[in-house]
file final_29.txt (compact mmCIF, C-alpha atoms)
# COMPACT_ATOMS: atom_id res chain seq x y z
CA MET A 1 -8.72 14.14 30.75
CA MET A 2 -8.87 11.32 33.31
CA ALA A 3 -12.17 12.67 34.60
CA SER A 4 -13.65 12.61 31.10
CA LEU A 5 -12.61 8.95 30.80
CA GLY A 6 -14.56 7.98 33.91
CA GLU A 7 -14.15 8.40 37.65
CA ASP A 8 -15.49 4.91 38.38
CA LEU A 9 -12.10 3.35 37.72
CA PHE A 10 -10.67 4.06 41.16
CA ASN A 11 -13.53 3.18 43.51
CA GLY A 12 -12.65 0.98 46.48
CA ASN A 13 -8.98 1.94 47.01
CA PRO A 14 -7.64 -0.11 44.05
CA ARG A 15 -4.03 -0.90 43.31
CA VAL A 16 -3.38 1.09 40.12
CA LEU A 17 -0.39 0.22 37.96
CA ILE A 18 0.70 3.14 35.76
CA LYS A 19 2.76 1.88 32.81
CA PRO A 20 4.70 4.76 31.16
CA ASN A 21 7.30 4.39 28.41
CA LEU A 22 10.57 4.06 30.34
CA LEU A 23 12.74 2.74 27.51
CA SER A 24 16.19 3.81 28.74
CA PRO A 25 17.86 6.65 30.67
CA ALA A 26 17.26 9.91 28.81
CA LYS A 27 16.57 13.52 29.69
CA PRO A 28 12.95 14.72 29.21
CA GLU A 29 13.93 17.00 26.33
CA ARG A 30 15.04 13.99 24.25
CA ALA A 31 11.39 12.80 24.03
CA VAL A 32 12.40 9.18 24.57
CA LEU A 33 10.29 8.68 27.72
CA THR A 34 6.79 9.62 28.82
CA HIS A 35 7.36 13.07 30.32
CA PRO A 36 7.67 12.93 34.14
CA LEU A 37 5.17 15.77 34.63
CA VAL A 38 2.56 13.88 32.60
CA VAL A 39 3.17 10.79 34.73
CA ARG A 40 2.94 12.87 37.90
CA ALA A 41 -0.37 14.41 36.83
CA VAL A 42 -1.87 10.94 36.34
CA ALA A 43 -0.46 9.71 39.66
CA GLU A 44 -1.89 12.73 41.50
CA TYR A 45 -5.30 12.11 39.97
CA VAL A 46 -5.22 8.45 41.07
CA LEU A 47 -4.24 9.49 44.61
CA ASN A 48 -7.00 12.09 44.77
CA LYS A 49 -9.56 9.46 43.77
CA GLY A 50 -8.39 7.05 46.47
CA GLY A 51 -6.26 4.74 44.35
CA ARG A 52 -2.82 3.36 45.25
CA PRO A 53 -0.54 4.12 42.28
CA GLN A 54 2.53 2.09 41.36
CA ILE A 55 4.63 3.30 38.43
CA SER A 56 6.38 0.45 36.63
CA ASP A 57 8.08 -0.62 33.43
CA SER A 58 10.86 -2.96 32.30
CA PRO A 59 13.53 -0.74 30.73
CA ALA A 60 15.57 -2.10 27.84
CA LEU A 61 18.77 -0.44 29.05
CA GLY A 62 20.33 0.89 32.24
CA SER A 63 19.36 0.60 35.88
CA PHE A 64 15.89 1.65 36.97
CA GLU A 65 17.38 4.11 39.48
CA LYS A 66 19.51 5.78 36.81
CA LEU A 67 16.50 6.05 34.53
CA LEU A 68 14.41 7.75 37.23
CA ARG A 69 17.23 10.13 38.04
CA GLU A 70 18.23 11.06 34.47
CA GLY A 71 14.65 11.06 33.20
CA GLY A 72 13.61 13.68 35.77
CA TYR A 73 11.23 11.42 37.70
CA SER A 74 13.09 11.55 41.00
CA LYS A 75 12.88 15.33 41.00
CA ALA A 76 9.32 15.57 39.62
CA PHE A 77 7.91 13.18 42.24
CA GLN A 78 9.46 14.75 45.33
CA GLY A 79 6.85 14.97 48.10
CA LEU A 80 4.41 12.58 46.42
CA ASP A 81 3.64 9.22 48.03
CA VAL A 82 4.02 7.04 44.95
CA SER A 83 5.79 3.71 44.48
CA PHE A 84 8.24 3.21 41.60
CA GLN A 85 8.97 -0.46 40.90
CA PRO A 86 10.72 -2.13 37.95
CA LEU A 87 8.84 -5.04 36.41
CA GLU A 88 10.90 -8.10 37.31
CA GLU A 89 8.66 -11.14 37.94
CA SER A 90 6.47 -12.79 35.31
CA VAL A 91 3.43 -15.06 35.23
CA TRP A 92 2.20 -17.28 32.41
CA VAL A 93 -0.78 -15.89 30.52
CA ASP A 94 -2.65 -17.51 27.64
CA ILE A 95 -3.02 -14.78 25.01
CA GLY A 96 -4.55 -17.06 22.39
CA GLU A 97 -3.37 -18.65 19.17
CA PRO A 98 -0.88 -18.70 17.57
CA PHE A 99 1.21 -17.69 20.59
CA GLY A 100 -0.51 -19.54 23.43
CA ARG A 101 0.95 -19.08 26.91
CA ILE A 102 3.54 -16.32 27.27
CA GLU A 103 5.20 -14.59 30.21
CA ILE A 104 3.83 -11.16 31.19
CA ALA A 105 4.83 -9.05 34.20
CA LYS A 106 3.20 -10.29 37.39
CA ASP A 107 2.57 -6.79 38.81
CA VAL A 108 0.64 -5.84 35.67
CA MET A 109 -1.58 -8.91 35.66
CA GLU A 110 -2.32 -8.65 39.39
CA ALA A 111 -3.15 -4.90 39.44
CA ASP A 112 -6.78 -3.87 39.95
CA VAL A 113 -6.45 -1.16 37.28
CA VAL A 114 -3.80 -0.60 34.58
CA VAL A 115 -3.26 2.88 33.15
CA ASN A 116 -1.34 2.69 29.87
CA LEU A 117 0.70 5.90 29.63
CA ALA A 118 2.46 5.83 26.25
CA LYS A 119 4.70 8.21 24.31
CA LEU A 120 4.03 9.38 20.76
CA LYS A 121 7.17 8.31 18.92
CA THR A 122 8.27 6.93 15.60
CA HIS A 123 9.64 3.39 15.43
CA SER A 124 12.14 2.13 12.84
CA GLN A 125 10.63 -1.36 12.82
CA MET A 126 6.89 -0.73 13.37
CA LEU A 127 6.52 2.89 12.08
CA LEU A 128 5.06 4.28 15.34
CA THR A 129 5.08 3.24 18.98
CA LEU A 130 1.81 4.37 20.58
CA GLY A 131 -0.68 2.82 23.00
CA ILE A 132 -0.60 -0.79 21.79
CA LYS A 133 3.18 -0.96 21.38
CA ASN A 134 3.76 0.60 24.81
CA LEU A 135 2.45 -2.54 26.52
CA PHE A 136 5.27 -4.62 25.04
CA GLY A 137 7.21 -3.18 27.99
CA CYS A 138 5.17 -5.54 30.17
CA ILE A 139 7.30 -8.36 28.79
CA VAL A 140 10.13 -8.47 31.30
CA GLY A 141 13.80 -7.92 30.49
CA LEU A 142 15.49 -10.03 27.85
CA ARG A 143 12.24 -11.82 27.00
CA LYS A 144 11.50 -8.82 24.75
CA PRO A 145 14.37 -9.50 22.30
CA GLU A 146 13.48 -13.20 22.47
CA TRP A 147 10.05 -12.35 21.08
CA HIS A 148 11.63 -10.22 18.37
CA LEU A 149 13.65 -13.26 17.35
CA ARG A 150 10.61 -15.56 17.45
CA ALA A 151 8.61 -13.18 15.25
CA GLY A 152 11.66 -12.96 12.99
CA VAL A 153 11.33 -10.85 9.86
CA ASP A 154 7.53 -10.94 9.85
CA ARG A 155 6.29 -7.56 11.10
CA GLU A 156 2.65 -8.65 10.81
CA VAL A 157 3.22 -11.56 13.21
CA PHE A 158 4.87 -9.18 15.67
CA ALA A 159 1.98 -6.70 15.31
CA ARG A 160 -0.54 -9.46 16.11
CA LEU A 161 1.53 -10.41 19.17
CA LEU A 162 1.36 -6.81 20.40
CA VAL A 163 -2.42 -6.64 19.98
CA GLN A 164 -2.91 -9.94 21.81
CA ILE A 165 -0.73 -8.73 24.69
CA TYR A 166 -2.94 -5.62 24.86
CA LYS A 167 -6.07 -7.80 24.96
CA ALA A 168 -4.60 -9.90 27.78
CA ILE A 169 -3.68 -6.86 29.90
CA GLN A 170 -6.83 -4.86 29.13
CA PRO A 171 -5.73 -1.44 30.41
CA ALA A 172 -8.64 0.62 31.72
CA VAL A 173 -7.31 3.82 30.15
CA THR A 174 -4.69 4.66 27.54
CA ILE A 175 -3.12 8.12 27.43
CA VAL A 176 -0.52 8.99 24.78
CA ASP A 177 1.88 11.83 25.57
CA GLY A 178 2.42 13.84 22.40
CA ILE A 179 3.25 17.16 24.02
CA LEU A 180 6.88 16.67 23.07
CA ALA A 181 6.73 13.82 20.57
CA MET A 182 9.46 12.17 18.49
CA GLU A 183 9.74 11.97 14.72
CA GLY A 184 12.37 10.56 12.36
CA GLN A 185 14.43 7.55 13.37
CA GLY A 186 12.77 6.75 16.71
CA PRO A 187 12.12 5.36 19.23
CA GLY A 188 15.54 5.84 20.86
CA LYS A 189 18.05 8.67 20.84
CA SER A 190 18.38 8.65 17.04
CA GLY A 191 14.91 10.21 16.84
CA THR A 192 14.18 13.93 16.69
CA PRO A 193 12.01 15.69 19.32
CA ARG A 194 8.98 17.45 17.83
CA ARG A 195 6.60 19.60 19.86
CA LEU A 196 2.98 18.72 19.03
CA ASP A 197 1.26 19.85 22.26
CA VAL A 198 -1.27 17.01 22.25
CA LEU A 199 -2.49 14.45 24.76
CA VAL A 200 -4.70 11.66 23.44
CA GLY A 201 -6.74 9.54 25.84
CA SER A 202 -9.23 6.72 25.39
CA ARG A 203 -10.68 3.64 27.06
CA SER A 204 -9.41 1.85 23.91
CA ALA A 205 -5.72 1.96 22.98
CA ILE A 206 -6.71 0.80 19.50
CA GLU A 207 -8.95 3.81 18.91
CA ALA A 208 -6.38 6.18 20.43
CA ASP A 209 -3.75 4.83 18.02
CA ARG A 210 -6.09 5.09 15.04
CA ALA A 211 -6.98 8.69 15.91
CA ILE A 212 -3.30 9.61 16.20
CA CYS A 213 -2.61 8.12 12.77
CA ARG A 214 -5.35 10.32 11.28
CA MET A 215 -3.89 13.32 13.12
CA LEU A 216 -0.52 12.60 11.50
CA GLY A 217 -2.12 12.53 8.06
CA MET A 218 -1.88 8.79 7.47
CA GLU A 219 -4.37 5.99 6.99
CA PRO A 220 -4.87 4.13 10.31
CA ASP A 221 -4.24 0.73 8.70
CA ALA A 222 -0.77 1.88 7.62
CA LEU A 223 0.17 1.09 11.22
CA LEU A 224 0.46 -2.69 11.43
CA THR A 225 -0.93 -2.95 14.95
CA ASN A 226 -4.06 -1.13 13.78
CA ARG A 227 -4.35 -3.49 10.83
CA ALA A 228 -3.92 -6.51 13.10
CA ALA A 229 -6.61 -5.18 15.44
CA ALA A 230 -8.98 -4.66 12.49
CA ASN A 231 -8.35 -8.20 11.25
CA MET A 232 -9.22 -9.46 14.74
CA GLY A 233 -12.51 -7.53 14.74
CA LEU A 234 -11.44 -5.13 17.51
CA VAL A 235 -12.06 -1.81 15.74
CA SER A 236 -15.17 0.16 16.71
CA LYS A 237 -17.49 1.29 13.92
CA GLU A 238 -18.21 4.63 15.58
CA VAL A 239 -15.63 6.71 17.43
CA TYR A 240 -16.38 10.03 19.08
CA ILE A 241 -13.48 12.49 19.25
CA ASN A 242 -13.73 15.23 21.85
CA GLY A 243 -11.31 18.16 21.58
CA ASP A 244 -9.22 19.92 18.94
CA PHE A 245 -8.10 17.73 16.07
CA HIS A 246 -5.57 19.37 13.76
CA ILE A 247 -3.96 17.38 10.94
CA ILE A 248 -0.15 17.47 11.00
CA HIS A 249 1.03 17.11 7.41
CA ASP A 250 4.80 17.31 7.80
CA PHE A 251 5.43 14.76 10.57
CA LYS A 252 8.56 12.81 9.59
CA LEU A 253 7.97 9.06 9.67
CA PRO A 254 10.77 6.51 9.24
CA THR A 255 10.96 4.73 5.89
CA LEU A 256 10.01 1.09 6.37
CA GLY A 257 11.70 -0.89 3.63
CA PRO A 258 10.71 -4.51 3.02
CA VAL A 259 12.44 -6.98 5.31
CA THR A 260 12.67 -9.59 2.56
CA PHE A 261 11.42 -10.04 -0.99
CA GLY A 262 12.16 -11.85 -4.23
CA PRO A 263 12.76 -15.54 -5.03
CA ARG A 264 13.79 -17.60 -2.01
CA LEU A 265 17.04 -18.66 -3.71
CA LEU A 266 18.09 -15.02 -4.09
CA GLN A 267 16.85 -13.73 -0.73
CA PRO A 268 20.24 -13.96 1.08
CA VAL A 269 21.83 -11.72 -1.58
CA ILE A 270 18.80 -9.40 -1.66
CA ARG A 271 18.76 -9.05 2.14
CA LYS A 272 22.45 -8.24 2.17
CA HIS A 273 22.48 -5.63 -0.59
CA LEU A 274 18.95 -4.30 -1.18
CA VAL A 275 17.04 -4.38 2.12
CA GLN A 276 17.06 -1.49 4.62
CA ARG A 277 19.41 -2.23 7.53
CA PRO A 278 20.91 -0.80 10.72
CA VAL A 279 24.06 1.24 10.20
CA VAL A 280 26.39 2.64 12.85
CA ASP A 281 27.80 6.16 12.91
CA GLY A 282 31.43 5.58 13.91
CA LYS A 283 31.75 9.15 15.21
CA LEU A 284 28.96 8.62 17.73
CA CYS A 285 29.62 5.00 18.68
CA LYS A 286 31.48 4.57 22.01
CA ASN A 287 31.91 0.77 21.72
CA CYS A 288 29.82 0.24 24.86
CA ALA A 289 28.49 -3.03 23.35
CA GLU A 290 24.99 -2.54 24.78
CA CYS A 291 23.61 -3.30 21.31
CA ARG A 292 25.51 -6.59 21.09
CA GLN A 293 24.14 -7.74 24.45
CA TYR A 294 20.56 -6.88 23.48
CA CYS A 295 20.59 -8.10 19.85
CA PRO A 296 18.14 -11.05 19.63
CA ALA A 297 19.78 -12.47 16.49
CA GLN A 298 23.37 -12.14 17.77
CA ALA A 299 24.18 -10.25 14.58
CA ILE A 300 26.59 -7.71 16.11
CA SER A 301 30.29 -8.08 16.81
CA PHE A 302 33.23 -5.78 17.51
CA ASN A 303 36.66 -5.98 15.90
CA ARG A 304 39.48 -3.57 16.78
CA GLY A 305 37.07 -1.01 18.17
CA ARG A 306 34.76 -1.22 15.16
CA MET A 307 31.13 -2.37 15.28
CA ILE A 308 30.23 -4.94 12.63
CA PHE A 309 26.76 -6.14 11.55
CA ASP A 310 26.13 -9.60 10.15
CA TYR A 311 23.31 -8.65 7.78
CA ASP A 312 22.62 -12.29 6.92
CA ARG A 313 21.59 -12.91 10.55
CA CYS A 314 20.06 -9.47 11.23
CA ILE A 315 16.23 -9.64 11.44
CA ARG A 316 15.79 -5.84 11.13
CA CYS A 317 14.09 -5.46 14.51
CA TYR A 318 16.23 -2.35 15.20
CA CYS A 319 16.59 -3.14 18.88
CA CYS A 320 20.16 -1.85 18.46
CA ALA A 321 18.90 1.57 17.34
CA GLU A 322 16.24 1.54 20.05
CA ILE A 323 18.57 1.02 22.99
CA CYS A 324 21.81 2.72 21.82
CA PRO A 325 22.58 5.28 24.56
CA TYR A 326 24.41 7.53 22.08
CA GLY A 327 21.99 7.47 19.14
CA ALA A 328 24.74 5.96 16.99
CA VAL A 329 22.61 3.40 15.10
CA GLN A 330 20.03 4.23 12.43
CA ALA A 331 17.92 2.36 9.90
CA VAL A 332 19.33 3.16 6.46
CA GLU A 333 18.29 2.11 2.97
CA THR A 334 21.02 0.83 0.69
CA LEU A 335 21.50 2.88 -2.49
CA PRO A 336 20.44 0.01 -4.80
CA GLY A 337 17.41 -0.65 -2.58
CA LYS A 338 16.41 3.02 -2.67
CA ILE A 339 16.66 3.10 -6.47
CA ILE A 340 14.54 -0.04 -6.83
CA ARG A 341 11.91 1.27 -4.39
CA ARG A 342 11.59 4.57 -6.25
CA PHE A 343 11.46 2.80 -9.61
CA SER A 344 8.71 0.51 -8.26
CA LYS A 345 6.69 3.53 -7.09
CA ILE A 346 6.95 5.13 -10.54
CA GLN A 347 5.96 1.86 -12.17
CA ASN A 348 2.96 1.39 -9.85
CA LYS A 349 1.83 4.96 -10.45
CA HIS A 350 2.09 4.45 -14.22
CA SER A 351 0.10 1.19 -14.01
CA LYS A 352 -2.67 2.91 -12.02
CA GLU A 353 -2.85 5.74 -14.56
CA VAL A 354 -3.06 3.26 -17.45
CA ASN A 355 -5.79 1.25 -15.70
CA HIS A 356 -7.70 4.43 -14.84
CA GLY A 357 -7.50 5.48 -18.51
CA ARG A 358 -9.01 2.17 -19.59
CA HIS A 359 -11.99 2.66 -17.29

call {"tool": "encode", "arguments": {"input": "final_29.txt", "output": "C-alpha cells"}}
result
Amino acid sequence: MMASLGEDLFNGNPRVLIKPNLLSPAKPERAVLTHPLVVRAVAEYVLNKGGRPQISDSPALGSFEKLLREGGYSKAFQGLDVSFQPLEESVWVDIGEPFGRIEIAKDVMEADVVVNLAKLKTHSQMLLTLGIKNLFGCIVGLRKPEWHLRAGVDREVFARLLVQIYKAIQPAVTIVDGILAMEGQGPGKSGTPRRLDVLVGSRSAIEADRAICRMLGMEPDALLTNRAAANMGLVSKEVYINGDFHIIHDFKLPTLGPVTFGPRLLQPVIRKHLVQRPVVDGKLCKNCAECRQYCPAQAISFNRGRMIFDYDRCIRCYCCAEICPYGAVQAVETLPGKIIRRFSKIQNKHSKEVNHGRH
C-alpha cells in the first residue's frame, strides 16, 4: 500500500513521524489502538526506504510504557531499530480563523514527513474517528479536554477545529486500520470489536474518510469532519479507488442525539431530561476516578463510592467513555428523549410523503 502511495516520500533520509492511535492501554484484540503489526509494517517500509521512523502519540490515559507493553508494541517491535516517543512538547501554530494560534506537538510539526496511521472506530461524540480525528492526538495531554470545553456543545465547531489541525499538520499519507475495527459505543473499551479486514490509504485523509463512510453504507457528509472539509472547499471532485470496495450494511454506529434543542429558557430542563448523556454501569466501575480527572467540564464527582454526573455542566464530549479503562461509561438516550426522537422521525416521514403526494 505504501508503495502505491508513492516512494518519493522518504528520499534523503528524512525524519518520519508515524502517528498511530494510541488512546490508552488496551490489548490488540480490544480494537482500541492501531494494531501493532500494522504499525510495524509501516515502520519497516520507512526503514527500507531510508527513512528514520519515530512512533509517537499523546495518550489520554496511562503511562506510555504501559501502553506499549499492554498494547503489544514492545513485543511486536523486538529487533527493529525504531524510536517510540510520547508527544510532550508543543509549539504555537496558526491554524486560521476562528481558532488562530493553537499548541500542536513539536515533534509532529518539525518532522520531515508525517504518516497518519489511524484506527477505524466509532465515536460517541463525533460518530466515527478516522484519519482526520486521529490527528487530534497531536494536541498534547490535557490540552485535548481543554479544546473539548472550548468547543462546548457545538459539534460542528469541533469538527472544523479537527479539519484545521489536519491542514496545519499536512500528513503525507493517511492509512486507516480497519482489519479489526470497532463498532457500537466507541472509541474506548465500551466499543465492540468487528473484523472488517480492510486497510484504507490515501494522500488525503479527507478522501480516505469519505471512502470509508461510503463503505459503511452512509453518506460521507453524515460525518461532521467530512462536512466541515466540504464547506472549506477541501473535497476533491474526482476520487479514484483502487482495490476491493464492499459495502457493509450492518455496521453498528452510535446514536448521536442532539446536544441541545428547544427554547433557550427551557434548555436546562431539556438537557437534563431529554438529551443523550453519559451513564455509568455501577457493576463495571472501579471508582478509579480517571474520568473525573479528564472531564473538561468538571461534571463528575464521587460520593460514597458512587459516580455522579452533573448533567447541567456536562457538554456531552464523552471523554469519560473514551478513556474509562473498564468500559463502564456509555452514551445513553433518556427514555423521553428516545420517544421524542422516534416521534419526530415518524412526523418527518409523514411530512415528506404528504409533500411528495402534492407534487

call {"tool": "residues_near_point", "arguments": {"input": "final_29.txt", "point": "(16.5, 12.9, 16.8)", "cutoff": "12 Å", "atoms": "only C-alpha atoms", "output": "PyMOL selection string"}}
result
chain A and resi 29-32+121-123+181-194+252-254+321-322+326-330

call {"tool": "residues_around", "arguments": {"input": "final_29.txt", "residues": "Ile315 (chain A)", "least_positions_apart": "6", "cutoff": "8 Å", "atoms": "only C-alpha atoms", "output": "PyMOL selection string"}}
result
chain A and resi 149+152-153+259+297

call {"tool": "closest_residue", "arguments": {"input": "final_29.txt", "among": "A:Leu224, A:Val108, A:Leu23, A:Cys291", "to": "Asn134 (chain A)", "atoms": "only C-alpha atoms"}}
result
A:Leu23

call {"tool": "residues_around", "arguments": {"input": "final_29.txt", "residues": "Glu103 (chain A)", "least_positions_apart": "4", "cutoff": "8 Å", "atoms": "only C-alpha atoms", "output": "VMD selection string"}}
result
chain A and resid 90 to 93 139 to 140

call {"tool": "atom_distance", "arguments": {"input": "final_29.txt", "atom1": "CA of Ile241 (chain A)", "atom2": "CA of Ala43 (chain A)"}}
result
24.4 Å

call {"tool": "closest_residue", "arguments": {"input": "final_29.txt", "among": "A:Arg210, A:His35, A:Lys49, A:Lys106", "to": "Phe77 (chain A)", "atoms": "only C-alpha atoms"}}
result
A:His35

call {"tool": "atom_distance", "arguments": {"input": "final_29.txt", "atom1": "CA of Ser24 (chain A)", "atom2": "CA of Ile323 (chain A)"}}
result
6.8 Å

call {"tool": "residues_around", "arguments": {"input": "final_29.txt", "residues": "Ala228 (chain A)", "least_positions_apart": "2", "cutoff": "8 Å", "atoms": "all atoms listed in the file", "output": "PyMOL selection string"}}
result
chain A and resi 156+159-160+163+224-226+230-232

call {"tool": "write_last_selection", "arguments": {"input": "final_29.txt", "atoms": "C-alpha atoms", "output": "PDB file, keeping the file's coordinate frame"}}
result
ATOM      1  CA  GLU A 156       2.650  -8.650  10.810  1.00  0.00           C
ATOM      2  CA  ALA A 159       1.980  -6.700  15.310  1.00  0.00           C
ATOM      3  CA  ARG A 160      -0.540  -9.460  16.110  1.00  0.00           C
ATOM      4  CA  VAL A 163      -2.420  -6.640  19.980  1.00  0.00           C
ATOM      5  CA  LEU A 224       0.460  -2.690  11.430  1.00  0.00           C
ATOM      6  CA  THR A 225      -0.930  -2.950  14.950  1.00  0.00           C
ATOM      7  CA  ASN A 226      -4.060  -1.130  13.780  1.00  0.00           C
ATOM      8  CA  ALA A 230      -8.980  -4.660  12.490  1.00  0.00           C
ATOM      9  CA  ASN A 231      -8.350  -8.200  11.250  1.00  0.00           C
ATOM     10  CA  MET A 232      -9.220  -9.460  14.740  1.00  0.00           C
TER      11      MET A 232
END

call {"tool": "closest_residue", "arguments": {"input": "final_29.txt", "among": "A:Ala26, A:Leu68, A:Leu128, A:Cys314", "to": "Pro220 (chain A)", "atoms": "all atoms listed in the file"}}
result
A:Leu128

call {"tool": "residues_near_point", "arguments": {"input": "final_29.txt", "point": "(30.7, -3.1, 15.0)", "cutoff": "10 Å", "atoms": "all atoms listed in the file", "output": "ChimeraX atom specification"}}
result
/A:279-282,285,287,289,291-292,299-310
